[in-house]
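Visitor: Provided herewith is a single structure, encoded as structure tokens, for subsequent inquiry.
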Amino acid sequence: MASRFNPLKADAHWQRVWEEHGTFHADDSSARPKSYILEMFPYPSGRIHVGHVRNYVMGDVLARYRRMDGFEVLHPMGWDAFGLPAENAAMERKIHPGAWTRSNIATMRGQLKRLGLALDWSREFATCDPDYYGHQQALFLDLHEAGLVYRKESEVNWDPVDMTVLANEQVVDGKGWRSGAPVERRKLSQWFLRITDFAEELLESLGGLDKWPDKVRLMQENWIGRSQGLKFRFALERPIAGTDGFDVFTTRPDTIFGASFAAISPDHPIALAIAKDDPALAAFIAECKAGGTTAAELETAEKKGFDTGLKVVHPLDPEWTLPLYVANFVLIDYGTGAIFGCPAHDQRDLDFARKYGLPVTRVVAATPEEAAEPVGDEAYTGPGRLVNSRFLDGLTAEDASREIVARAETEGWGQGAIVWRLRDWGVSRQRYWGTPIPFIHCAACGPVPVPREQLPVVLPEDVAFDHPGNPLDRHPSWTRVDCPACGGPGRRETDTLDTFVDSSWYFMRFASQPADAPFNRAAVEAWLPVDQYIGGVEHAILHLLYARFWTHALKRIGRLDVAEPFEGLFTQGMVTHETYRAPDGRWLAPEEVEHKDGRLVVAATGEPAETGRVEKMSKSKRNTVDPDPIVDQYGADGLRWFLLSDSPPERDLPWSEAGIEGSWRFMQRLWRLADAESGVSTWLGAEESGEAVAALERKLHRTIAAVGANIEALAFNKAVANIYELANAIEKAPPSQARARTVETLLLLVAPMVPHLAEQAWAALGKEGLIANAAWPKADPALLVEDQVTIAVQVNGKLRDTLTAAKGAPREALEEMALASEKIVRILDGKLPRKVIVVPDRLVNLVA
RNA sequence: GCGGACGUGGCGAAAUCGGUAGACGCAGCAGACUUAAAAUCUGCUUUCCUUCGGGAAGUGUGGGUUCAAGUCCCGCCGUCCGCACCA
């Protein structure tokens, strides 16, 4: 056995052995219990960085552990391969998006393979394979048939110089990223998925996802945003533009007698109707549209209103009219696009009322004294009883709400309603590099689904990116197609699907990939739900919600009996790194800067460089760290071990190379431990009993239990610490057969984390078979408990002494021992304690 | 503004139920081995005081509950994340 572990040879050797044996192929027909471990699949942006590695290694440790623990494990890998960066690359480098993507995939696959991940590569696919997106088109048609797909006018970002639609990330400070021209909002007819039909059940079943982080559940809950209240009708004093009133929604029906105005959105049909004959209002509406749409701009935007001069009638008093405003802060696509304002109990309404001199009437008071107090600068939104509210006076706010809803329903002017913040999912993208939406537009028949036998609708390869906009639009032949319904001339839909659609069902295709269907139902039902899904928290809302929706929708249309796609979710922390900038503002990669005389300079030119924030590794900030040179130097296991050590996996990990030397040293330590035992016959007949051996056995079994539990909990940093402790204990133990057995077990314990080294040492010890296929050791419950425990002795809660006692020693005995302690006798100085608290096996606290 | 998380040595961190704070690792210091270096091994490493026995303080901060608080409760300070005109 060599005295040093050489990862250069071992890594490649064992990777080849695993591949040749098909070690990590998932067998659909296995009788073992199934476990599906999945990390969010990567976008092939170029090369992987250590942030990716951290993600995949975590899943890999769990997958290898589950295999050893007796499960049939599905642990696949693929590529989220459609998306905008490929088109940008096409424009910048005159390379086809497909070619660019394929070449990145090849590079990244090679990088991943060097890490020795226990992946079933036979199931690999990319979402840009027609074989994948063709089935996606079929599923889209299924949803369409079920009425879950529709078309609607919707606003897009329009660059008036480049004459192109921009994705949100292409809008920088309200301007087009290439042209720099102010972006306009423009209406286009686009495809939508009816996710709002599922709002209720998506919210409901969040409650059952108890292996998800609370944080993510809460974020989804807020995103879906259920609000309960009253929808009621305001009658206009006199009809206008053929309408005599409009609906408003409120969550505070109890404050209805505090109403002082009504307001509608600038996009509300009534506003638009009035504006036709009212140039002043038309100007106001135009002004509302001019402002930017970024969060910061909205936050600071002034609350503005336009008094239409019209009045609406209070629903509970025909004599009482309220002014009708058009207000910039009323959203057309939430609730009914119209509100009633109750300034006393809503801050925004109060600001508005003060600005336009509207009355402010308190209708809820926390205390009886408060009833007469005028409202100041702050609206009161807390609980209380009703005042100034006629028949509601004296009721609590909740009771008053119920009373108003009941009365509205009886009298017929309104009804209880639930309003959702969630909007339908717009899936149209005016882009080339995505799944073509399988429809054909016909002047006579409208949009007609592409017949199933014509799927997949394959993206044409012959496209040019020398003009802005979607090259599919300009394609001379691809767009020309006959209408499948009437046979007349038609035109292919040139919008492609949002890439979030691609990632909404890829985990089903991993479980089963027949040629003639999106998936085989039985196979998907056997593997799903994913037992453990691992990825970045940045996907906490959109991706996870869309994938949940897709699964719920397939269930509703009878395609799949899976309630939720991901049973366990883990959101791992990001790997962060400092960013660097040159004097001209360019981002610099870590290898382009160096420290010189204590200052950071650009290595090539010697100009001073600026250190930016520590941020998530990303290609655009150029702060990524490539794993390849690290693997060259320390082996896959050195890197794997380092990424698992120290930082809790959910926390961000600031990258530094300082610690990896330590990992490398530990690899060699493990190797030496195994090396020392490879001549195990030397110790035959050596002492097999005695306290040292017994202590080592107990340590081993406690470690087996702890490492297993910590891997299950994805607390890899703790599992690493457990293993270090065991290694320390082994090194201190005298040679014996028990020690040799302990080293063997240690190898099993580290096998999921450092698989190459474990295989190499396992083979060197002459063990049969692959350690990857070995059984996870079982902890002997009898050895998990110590027979001796250390008891803390406190006086007034302060530690004064410790003593050793038999486990389970009775309270009286512990108290006696504590009182007999020399130190305690000295501290008590002859006095008797007033009170003695004994916690068996833990401590004795003497209260003096 | 609303919602949430977090704050422990020089650094990454641990402490499962309120019960010996700092396990484990990194960095550092001292020593052994060596002609030397690397590698490896041993010991020390929260702060302050010390007559070297030990003593005092200590988990952002101020209070509180308790025999006992990193852990529970209230207030404050700070950092980070999500949502953001949601009626």
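If you're wondering about the labels, chains in the structure tokens are A, B, ... by order shown, residues count from 1 in each chain, ligands from 1 in order shown.
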Could you list, as JSON, numbers by chain, the residues of chain A having an atom within 7 Å of chain B when counting only C-alpha atoms (C1' of nucleotides)?

Guide: {"A": [215, 219, 249, 250, 295, 298, 329, 334, 339, 421, 646, 647, 659, 721, 724, 725, 792, 796, 797, 799, 837, 842, 843, 845, 847]}

Visitor: Which of segment 508-689 of chain A counts as strand (DSSP E) under DSSP, as JSON, numbers by chain please?

Guide: {"A": [532, 533, 534, 535, 536, 569, 570, 571, 572, 575, 576, 577, 578, 579, 580, 581, 587, 588, 593, 594, 595, 596, 599, 600, 601, 602, 610, 611, 612, 613, 614, 615, 616, 653, 654]}

Visitor: Compile the contact shell of segment 397-412 of chain A as a PDB file with N, CA, C and O atoms, in the first residue's frame: residues with an atom at most 12 Å away, counting only C-alpha atoms (C1' of nucleotides), same-chain residues fewer than 2 positions apart removed.

Guide:
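See out.pdb below for the written result:
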```
ATOM      1  N   GLN A 228     -59.473  37.849   2.437  1.00  0.00           N
ATOM      2  CA  GLN A 228     -60.909  37.633   2.560  1.00  0.00           C
ATOM      3  C   GLN A 228     -61.579  38.974   2.835  1.00  0.00           C
ATOM      4  O   GLN A 228     -61.051  39.784   3.591  1.00  0.00           O
ATOM      5  N   GLY A 229     -62.714  39.204   2.221  1.00  0.00           N
ATOM      6  CA  GLY A 229     -63.383  40.478   2.457  1.00  0.00           C
ATOM      7  C   GLY A 229     -64.740  40.531   1.786  1.00  0.00           C
ATOM      8  O   GLY A 229     -65.420  39.511   1.658  1.00  0.00           O
ATOM      9  N   LEU A 230     -65.093  41.726   1.376  1.00  0.00           N
ATOM     10  CA  LEU A 230     -66.411  41.977   0.791  1.00  0.00           C
ATOM     11  C   LEU A 230     -66.239  42.616  -0.579  1.00  0.00           C
ATOM     12  O   LEU A 230     -65.454  43.547  -0.747  1.00  0.00           O
ATOM     13  N   LYS A 231     -66.980  42.080  -1.534  1.00  0.00           N
ATOM     14  CA  LYS A 231     -67.032  42.716  -2.842  1.00  0.00           C
ATOM     15  C   LYS A 231     -68.412  43.371  -2.933  1.00  0.00           C
ATOM     16  O   LYS A 231     -69.418  42.709  -2.666  1.00  0.00           O
ATOM     17  N   PHE A 232     -68.451  44.641  -3.193  1.00  0.00           N
ATOM     18  CA  PHE A 232     -69.782  45.272  -3.277  1.00  0.00           C
ATOM     19  C   PHE A 232     -69.819  46.309  -4.385  1.00  0.00           C
ATOM     20  O   PHE A 232     -68.794  46.727  -4.925  1.00  0.00           O
ATOM     21  N   ARG A 233     -71.067  46.722  -4.699  1.00  0.00           N
ATOM     22  CA  ARG A 233     -71.265  47.584  -5.844  1.00  0.00           C
ATOM     23  C   ARG A 233     -71.520  49.015  -5.397  1.00  0.00           C
ATOM     24  O   ARG A 233     -72.320  49.275  -4.509  1.00  0.00           O
ATOM     25  N   PHE A 234     -70.764  49.903  -6.020  1.00  0.00           N
ATOM     26  CA  PHE A 234     -71.039  51.326  -5.861  1.00  0.00           C
ATOM     27  C   PHE A 234     -71.904  51.748  -7.039  1.00  0.00           C
ATOM     28  O   PHE A 234     -71.512  51.554  -8.196  1.00  0.00           O
ATOM     29  N   PHE A 249     -63.567  46.047  -3.884  1.00  0.00           N
ATOM     30  CA  PHE A 249     -63.264  44.982  -2.926  1.00  0.00           C
ATOM     31  C   PHE A 249     -62.610  45.613  -1.705  1.00  0.00           C
ATOM     32  O   PHE A 249     -61.787  46.528  -1.833  1.00  0.00           O
ATOM     33  N   THR A 250     -62.992  45.113  -0.534  1.00  0.00           N
ATOM     34  CA  THR A 250     -62.339  45.585   0.693  1.00  0.00           C
ATOM     35  C   THR A 250     -62.157  44.429   1.657  1.00  0.00           C
ATOM     36  O   THR A 250     -62.970  43.504   1.696  1.00  0.00           O
ATOM     37  N   THR A 251     -61.049  44.490   2.427  1.00  0.00           N
ATOM     38  CA  THR A 251     -60.858  43.505   3.492  1.00  0.00           C
ATOM     39  C   THR A 251     -61.397  44.056   4.806  1.00  0.00           C
ATOM     40  O   THR A 251     -61.355  43.380   5.815  1.00  0.00           O
ATOM     41  N   ARG A 252     -61.858  45.311   4.763  1.00  0.00           N
ATOM     42  CA  ARG A 252     -62.357  45.930   6.001  1.00  0.00           C
ATOM     43  C   ARG A 252     -63.785  46.423   5.826  1.00  0.00           C
ATOM     44  O   ARG A 252     -64.052  47.630   5.927  1.00  0.00           O
ATOM     45  N   PRO A 253     -64.731  45.509   5.615  1.00  0.00           N
ATOM     46  CA  PRO A 253     -66.122  45.955   5.465  1.00  0.00           C
ATOM     47  C   PRO A 253     -66.616  46.698   6.710  1.00  0.00           C
ATOM     48  O   PRO A 253     -67.525  47.523   6.609  1.00  0.00           O
ATOM     49  N   ASP A 254     -66.009  46.415   7.869  1.00  0.00           N
ATOM     50  CA  ASP A 254     -66.433  47.078   9.105  1.00  0.00           C
ATOM     51  C   ASP A 254     -66.258  48.596   9.052  1.00  0.00           C
ATOM     52  O   ASP A 254     -66.940  49.325   9.756  1.00  0.00           O
ATOM     53  N   THR A 255     -65.343  49.073   8.202  1.00  0.00           N
ATOM     54  CA  THR A 255     -65.065  50.516   8.183  1.00  0.00           C
ATOM     55  C   THR A 255     -65.905  51.249   7.142  1.00  0.00           C
ATOM     56  O   THR A 255     -65.589  52.379   6.755  1.00  0.00           O
ATOM     57  N   ILE A 256     -66.982  50.643   6.712  1.00  0.00           N
ATOM     58  CA  ILE A 256     -67.736  51.195   5.583  1.00  0.00           C
ATOM     59  C   ILE A 256     -68.333  52.572   5.883  1.00  0.00           C
ATOM     60  O   ILE A 256     -68.484  53.401   4.990  1.00  0.00           O
ATOM     61  N   PHE A 257     -68.630  52.837   7.180  1.00  0.00           N
ATOM     62  CA  PHE A 257     -69.167  54.167   7.500  1.00  0.00           C
ATOM     63  C   PHE A 257     -68.062  55.214   7.638  1.00  0.00           C
ATOM     64  O   PHE A 257     -68.326  56.380   7.885  1.00  0.00           O
ATOM     65  N   PRO A 315     -73.573  52.509  -0.221  1.00  0.00           N
ATOM     66  CA  PRO A 315     -74.525  51.394  -0.334  1.00  0.00           C
ATOM     67  C   PRO A 315     -75.504  51.322   0.839  1.00  0.00           C
ATOM     68  O   PRO A 315     -76.560  50.703   0.717  1.00  0.00           O
ATOM     69  N   LEU A 316     -75.164  51.958   1.946  1.00  0.00           N
ATOM     70  CA  LEU A 316     -76.044  51.861   3.113  1.00  0.00           C
ATOM     71  C   LEU A 316     -76.824  53.149   3.364  1.00  0.00           C
ATOM     72  O   LEU A 316     -77.497  53.274   4.376  1.00  0.00           O
ATOM     73  N   HIS A 345     -58.483  54.559   8.835  1.00  0.00           N
ATOM     74  CA  HIS A 345     -57.946  53.237   9.169  1.00  0.00           C
ATOM     75  C   HIS A 345     -57.103  52.623   8.060  1.00  0.00           C
ATOM     76  O   HIS A 345     -56.940  51.413   8.002  1.00  0.00           O
ATOM     77  N   VAL A 363     -63.897  55.326  12.800  1.00  0.00           N
ATOM     78  CA  VAL A 363     -65.008  54.403  13.018  1.00  0.00           C
ATOM     79  C   VAL A 363     -64.619  53.211  13.887  1.00  0.00           C
ATOM     80  O   VAL A 363     -65.459  52.402  14.246  1.00  0.00           O
ATOM     81  N   VAL A 364     -63.309  53.084  14.210  1.00  0.00           N
ATOM     82  CA  VAL A 364     -62.884  52.041  15.135  1.00  0.00           C
ATOM     83  C   VAL A 364     -62.074  52.709  16.231  1.00  0.00           C
ATOM     84  O   VAL A 364     -61.205  53.542  15.949  1.00  0.00           O
ATOM     85  N   ALA A 365     -62.377  52.364  17.488  1.00  0.00           N
ATOM     86  CA  ALA A 365     -61.647  52.933  18.613  1.00  0.00           C
ATOM     87  C   ALA A 365     -61.146  51.806  19.498  1.00  0.00           C
ATOM     88  O   ALA A 365     -61.880  50.871  19.804  1.00  0.00           O
ATOM     89  N   ALA A 366     -59.873  51.911  19.893  1.00  0.00           N
ATOM     90  CA  ALA A 366     -59.290  50.881  20.742  1.00  0.00           C
ATOM     91  C   ALA A 366     -59.890  50.956  22.141  1.00  0.00           C
ATOM     92  O   ALA A 366     -60.083  49.939  22.811  1.00  0.00           O
ATOM     93  N   THR A 381     -54.922  50.922  12.585  1.00  0.00           N
ATOM     94  CA  THR A 381     -55.258  49.668  11.905  1.00  0.00           C
ATOM     95  C   THR A 381     -55.414  48.522  12.892  1.00  0.00           C
ATOM     96  O   THR A 381     -55.585  47.382  12.493  1.00  0.00           O
ATOM     97  N   GLY A 382     -55.345  48.841  14.193  1.00  0.00           N
ATOM     98  CA  GLY A 382     -55.441  47.792  15.204  1.00  0.00           C
ATOM     99  C   GLY A 382     -56.881  47.395  15.480  1.00  0.00           C
ATOM    100  O   GLY A 382     -57.808  47.853  14.815  1.00  0.00           O
ATOM    101  N   PRO A 383     -57.049  46.520  16.486  1.00  0.00           N
ATOM    102  CA  PRO A 383     -58.389  46.047  16.846  1.00  0.00           C
ATOM    103  C   PRO A 383     -59.148  47.100  17.660  1.00  0.00           C
ATOM    104  O   PRO A 383     -58.562  48.078  18.110  1.00  0.00           O
ATOM    105  N   GLY A 384     -60.444  46.910  17.825  1.00  0.00           N
ATOM    106  CA  GLY A 384     -61.227  47.839  18.628  1.00  0.00           C
ATOM    107  C   GLY A 384     -62.711  47.644  18.396  1.00  0.00           C
ATOM    108  O   GLY A 384     -63.136  46.645  17.792  1.00  0.00           O
ATOM    109  N   ARG A 385     -63.464  48.615  18.887  1.00  0.00           N
ATOM    110  CA  ARG A 385     -64.922  48.556  18.715  1.00  0.00           C
ATOM    111  C   ARG A 385     -65.377  49.706  17.830  1.00  0.00           C
ATOM    112  O   ARG A 385     -64.738  50.762  17.775  1.00  0.00           O
ATOM    113  N   LEU A 386     -66.523  49.495  17.175  1.00  0.00           N
ATOM    114  CA  LEU A 386     -67.008  50.448  16.194  1.00  0.00           C
ATOM    115  C   LEU A 386     -67.605  51.687  16.856  1.00  0.00           C
ATOM    116  O   LEU A 386     -68.272  51.578  17.885  1.00  0.00           O
ATOM    117  N   VAL A 387     -67.345  52.843  16.262  1.00  0.00           N
ATOM    118  CA  VAL A 387     -67.954  54.115  16.690  1.00  0.00           C
ATOM    119  C   VAL A 387     -68.375  54.870  15.431  1.00  0.00           C
ATOM    120  O   VAL A 387     -67.891  54.556  14.327  1.00  0.00           O
ATOM    121  N   SER A 389     -70.787  54.666  13.611  1.00  0.00           N
ATOM    122  CA  SER A 389     -71.146  53.718  12.555  1.00  0.00           C
ATOM    123  C   SER A 389     -72.573  53.208  12.685  1.00  0.00           C
ATOM    124  O   SER A 389     -72.859  52.058  12.355  1.00  0.00           O
ATOM    125  N   ARG A 390     -73.466  54.078  13.190  1.00  0.00           N
ATOM    126  CA  ARG A 390     -74.891  53.741  13.222  1.00  0.00           C
ATOM    127  C   ARG A 390     -75.130  52.393  13.898  1.00  0.00           C
ATOM    128  O   ARG A 390     -74.693  52.187  15.025  1.00  0.00           O
ATOM    129  N   PHE A 391     -75.737  51.464  13.150  1.00  0.00           N
ATOM    130  CA  PHE A 391     -76.134  50.203  13.774  1.00  0.00           C
ATOM    131  C   PHE A 391     -74.954  49.298  14.149  1.00  0.00           C
ATOM    132  O   PHE A 391     -75.119  48.271  14.776  1.00  0.00           O
ATOM    133  N   LEU A 392     -73.738  49.664  13.730  1.00  0.00           N
ATOM    134  CA  LEU A 392     -72.572  48.832  14.059  1.00  0.00           C
ATOM    135  C   LEU A 392     -71.927  49.247  15.369  1.00  0.00           C
ATOM    136  O   LEU A 392     -71.091  48.526  15.918  1.00  0.00           O
ATOM    137  N   ASP A 393     -72.275  50.403  15.883  1.00  0.00           N
ATOM    138  CA  ASP A 393     -71.600  50.938  17.065  1.00  0.00           C
ATOM    139  C   ASP A 393     -71.554  49.921  18.198  1.00  0.00           C
ATOM    140  O   ASP A 393     -72.547  49.271  18.512  1.00  0.00           O
ATOM    141  N   GLY A 394     -70.375  49.785  18.780  1.00  0.00           N
ATOM    142  CA  GLY A 394     -70.203  48.890  19.914  1.00  0.00           C
ATOM    143  C   GLY A 394     -69.742  47.495  19.538  1.00  0.00           C
ATOM    144  O   GLY A 394     -69.207  46.772  20.367  1.00  0.00           O
ATOM    145  N   LEU A 395     -69.924  47.111  18.280  1.00  0.00           N
ATOM    146  CA  LEU A 395     -69.459  45.780  17.862  1.00  0.00           C
ATOM    147  C   LEU A 395     -67.938  45.772  17.725  1.00  0.00           C
ATOM    148  O   LEU A 395     -67.325  46.809  17.467  1.00  0.00           O
ATOM    149  N   GLY A 414     -73.904  43.173  -2.379  1.00  0.00           N
ATOM    150  CA  GLY A 414     -72.515  42.697  -2.305  1.00  0.00           C
ATOM    151  C   GLY A 414     -72.468  41.300  -1.740  1.00  0.00           C
ATOM    152  O   GLY A 414     -73.498  40.755  -1.326  1.00  0.00           O
ATOM    153  N   GLN A 415     -71.288  40.700  -1.753  1.00  0.00           N
ATOM    154  CA  GLN A 415     -71.136  39.382  -1.151  1.00  0.00           C
ATOM    155  C   GLN A 415     -69.707  39.170  -0.666  1.00  0.00           C
ATOM    156  O   GLN A 415     -68.774  39.818  -1.145  1.00  0.00           O
ATOM    157  N   GLY A 416     -69.609  38.252   0.318  1.00  0.00           N
ATOM    158  CA  GLY A 416     -68.285  37.886   0.821  1.00  0.00           C
ATOM    159  C   GLY A 416     -67.431  37.380  -0.332  1.00  0.00           C
ATOM    160  O   GLY A 416     -67.940  36.697  -1.226  1.00  0.00           O
ATOM    161  N   ALA A 417     -66.155  37.724  -0.353  1.00  0.00           N
ATOM    162  CA  ALA A 417     -65.309  37.329  -1.483  1.00  0.00           C
ATOM    163  C   ALA A 417     -63.889  37.087  -1.014  1.00  0.00           C
ATOM    164  O   ALA A 417     -63.445  37.627   0.000  1.00  0.00           O
TER     165      ALA A 417
END
```

Visitor: Counting only C-alpha atoms (C1' of nucleotides), figure out which residue out of B:G28, B:G60, B:C74, B:C80 gets nearest to U45 of chain B.

Guide: B:G28

Visitor: Any idea what the distance is between atom CA of Ile630 of chain A and atom CA of Glu39 of chain A?

Guide: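 Separation of atom CA of Ile630 of chain A and atom CA of Glu39 of chain A: 22.2 Å.
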
Visitor: Tell me which protein, DNA and RNA residues are within 10 Å of segment 496-500 of chain A, counting only C-alpha atoms (C1' of nucleotides), leaving out same-chain ones fewer than 5 positions away, and put them as an MDAnalysis selection string.

Guide: chainID A and resid 80:84 127 133 136:137 140 191 425:438 459 470 472 505 542:544 546:547

Visitor: Hey, which of A:Ile418, A:Gly176, A:Ile557, A:Lys311 ends up closest to Asp142 of chain A? Count only C-alpha atoms.

Guide: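 Among A:Ile418, A:Gly176, A:Ile557, A:Lys311, it is A:Ile557 that comes nearest to Asp142 of chain A.
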
Visitor: I need the alpha helix (DSSP H) residues of segment 32-260 of chain A per DSSP on the backbone, written as a VMD selection string.

Guide: chain A and resid 50 to 68 84 to 93 97 to 113 130 to 145 199 to 204 214 to 224

Visitor: Can you tell me which residues surround Ile824 of chain A at a distance of at most 10 Å, considering only C-alpha atoms (C1' of nucleotides), apart from same-chain residues fewer than 4 positions away, and format the answer as a PyMOL selection string?

Guide: chain A and resi 793-795+800-801+818-820+828-830+846

Visitor: Store the residues picked out above in a file with all heavy atoms, as an mmCIF file, in the first residue's frame.

Guide:
```cif
data_model
loop_
_atom_site.group_PDB
_atom_site.id
_atom_site.type_symbol
_atom_site.label_atom_id
_atom_site.label_comp_id
_atom_site.auth_asym_id
_atom_site.auth_seq_id
_atom_site.Cartn_x
_atom_site.Cartn_y
_atom_site.Cartn_z
ATOM 1 N N VAL A 793 -21.225 19.920 39.249
ATOM 2 C CA VAL A 793 -21.677 20.354 40.569
ATOM 3 C C VAL A 793 -21.646 21.873 40.610
ATOM 4 O O VAL A 793 -20.595 22.496 40.394
ATOM 5 C CB VAL A 793 -20.797 19.775 41.701
ATOM 6 C CG1 VAL A 793 -21.365 20.184 43.058
ATOM 7 C CG2 VAL A 793 -20.726 18.268 41.581
ATOM 8 N N GLN A 794 -22.817 22.468 40.807
ATOM 9 C CA GLN A 794 -22.921 23.923 40.809
ATOM 10 C C GLN A 794 -23.271 24.397 42.209
ATOM 11 O O GLN A 794 -23.946 23.697 42.969
ATOM 12 C CB GLN A 794 -24.037 24.385 39.870
ATOM 13 C CG GLN A 794 -23.848 23.968 38.428
ATOM 14 C CD GLN A 794 -25.030 24.400 37.580
ATOM 15 O OE1 GLN A 794 -26.152 24.509 38.059
ATOM 16 N NE2 GLN A 794 -24.758 24.653 36.309
ATOM 17 N N VAL A 795 -22.799 25.598 42.539
ATOM 18 C CA VAL A 795 -23.289 26.279 43.729
ATOM 19 C C VAL A 795 -23.921 27.576 43.233
ATOM 20 O O VAL A 795 -23.256 28.357 42.541
ATOM 21 C CB VAL A 795 -22.151 26.570 44.739
ATOM 22 C CG1 VAL A 795 -22.704 27.372 45.928
ATOM 23 C CG2 VAL A 795 -21.537 25.271 45.220
ATOM 24 N N ARG A 800 -18.675 24.550 40.021
ATOM 25 C CA ARG A 800 -17.598 24.554 41.008
ATOM 26 C C ARG A 800 -16.777 23.288 40.949
ATOM 27 O O ARG A 800 -15.629 23.286 41.392
ATOM 28 C CB ARG A 800 -18.177 24.712 42.423
ATOM 29 C CG ARG A 800 -18.832 26.056 42.667
ATOM 30 C CD ARG A 800 -17.844 27.181 42.481
ATOM 31 N NE ARG A 800 -18.519 28.472 42.587
ATOM 32 C CZ ARG A 800 -17.926 29.636 42.328
ATOM 33 N NH1 ARG A 800 -16.656 29.667 41.952
ATOM 34 N NH2 ARG A 800 -18.591 30.739 42.430
ATOM 35 N N ASP A 801 -17.369 22.212 40.475
ATOM 36 C CA ASP A 801 -16.642 20.951 40.454
ATOM 37 C C ASP A 801 -17.364 20.011 39.489
ATOM 38 O O ASP A 801 -18.516 20.265 39.122
ATOM 39 C CB ASP A 801 -16.623 20.342 41.867
ATOM 40 C CG ASP A 801 -15.526 19.283 42.000
ATOM 41 O OD1 ASP A 801 -14.734 19.112 41.044
ATOM 42 O OD2 ASP A 801 -15.475 18.640 43.053
ATOM 43 N N ALA A 818 -21.857 15.140 45.874
ATOM 44 C CA ALA A 818 -21.601 16.560 45.671
ATOM 45 C C ALA A 818 -21.225 17.228 46.981
ATOM 46 O O ALA A 818 -20.264 17.994 47.053
ATOM 47 C CB ALA A 818 -22.841 17.225 45.061
ATOM 48 N N LEU A 819 -21.974 16.903 48.026
ATOM 49 C CA LEU A 819 -21.716 17.531 49.323
ATOM 50 C C LEU A 819 -20.385 17.073 49.902
ATOM 51 O O LEU A 819 -19.793 17.757 50.735
ATOM 52 C CB LEU A 819 -22.854 17.221 50.294
ATOM 53 C CG LEU A 819 -24.161 17.959 49.977
ATOM 54 C CD1 LEU A 819 -25.319 17.387 50.768
ATOM 55 C CD2 LEU A 819 -23.994 19.448 50.259
ATOM 56 N N ALA A 820 -19.912 15.899 49.447
ATOM 57 C CA ALA A 820 -18.656 15.375 49.968
ATOM 58 C C ALA A 820 -17.449 15.963 49.249
ATOM 59 O O ALA A 820 -16.319 15.817 49.701
ATOM 60 C CB ALA A 820 -18.651 13.851 49.844
ATOM 61 N N LEU A 828 -18.942 25.963 50.679
ATOM 62 C CA LEU A 828 -20.105 26.057 51.558
ATOM 63 C C LEU A 828 -19.689 26.502 52.960
ATOM 64 O O LEU A 828 -20.497 27.093 53.684
ATOM 65 C CB LEU A 828 -20.821 24.704 51.632
ATOM 66 C CG LEU A 828 -21.611 24.315 50.378
ATOM 67 C CD1 LEU A 828 -22.262 22.958 50.581
ATOM 68 C CD2 LEU A 828 -22.669 25.351 50.032
ATOM 69 N N ASP A 829 -18.430 26.211 53.325
ATOM 70 C CA ASP A 829 -17.871 26.687 54.581
ATOM 71 C C ASP A 829 -18.765 26.319 55.769
ATOM 72 O O ASP A 829 -19.105 27.173 56.594
ATOM 73 C CB ASP A 829 -17.677 28.214 54.492
ATOM 74 C CG ASP A 829 -16.763 28.720 55.616
ATOM 75 O OD1 ASP A 829 -15.992 27.888 56.152
ATOM 76 O OD2 ASP A 829 -16.856 29.903 55.955
ATOM 77 N N GLY A 830 -19.193 25.059 55.795
ATOM 78 C CA GLY A 830 -19.933 24.575 56.954
ATOM 79 C C GLY A 830 -21.431 24.799 56.898
ATOM 80 O O GLY A 830 -22.191 24.192 57.635
ATOM 81 N N LEU A 846 -26.451 23.269 44.134
ATOM 82 C CA LEU A 846 -26.660 23.541 45.553
ATOM 83 C C LEU A 846 -26.981 25.016 45.708
ATOM 84 O O LEU A 846 -26.191 25.876 45.288
ATOM 85 C CB LEU A 846 -25.387 23.194 46.351
ATOM 86 C CG LEU A 846 -24.877 21.764 46.141
ATOM 87 C CD1 LEU A 846 -23.447 21.631 46.619
ATOM 88 C CD2 LEU A 846 -25.773 20.767 46.857
#
```

Visitor: Please determine, counting only C-alpha atoms (C1' of nucleotides), which residue among B:G54, B:U42, B:C6, B:G63 has the shortest atom-to-atom distance to G78 of chain B.

Guide: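 Comparing B:G54, B:U42, B:C6, B:G63 against G78 of chain B, the winner is B:C6.
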
Visitor: May I ask for the distance between atom CA of Pro590 of chain A and atom CA of Glu578 of chain A, given in Å to one decimal place?

Guide: 8.1 Å

Visitor: Using atom CA of Arg47 of chain A and atom CA of Ala751 of chain A as the two end points, give the distance in Å to one decimal.

Guide: 27.0 Å

Visitor: Given the choices A:Asp424, A:Phe340, A:Leu193, A:Leu560, which gets closest to Leu148 of chain A if the distance is worked out from only C-alpha atoms?

Guide: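 When distances to Leu148 of chain A are compared using only C-alpha atoms, the smallest one comes from A:Leu193.
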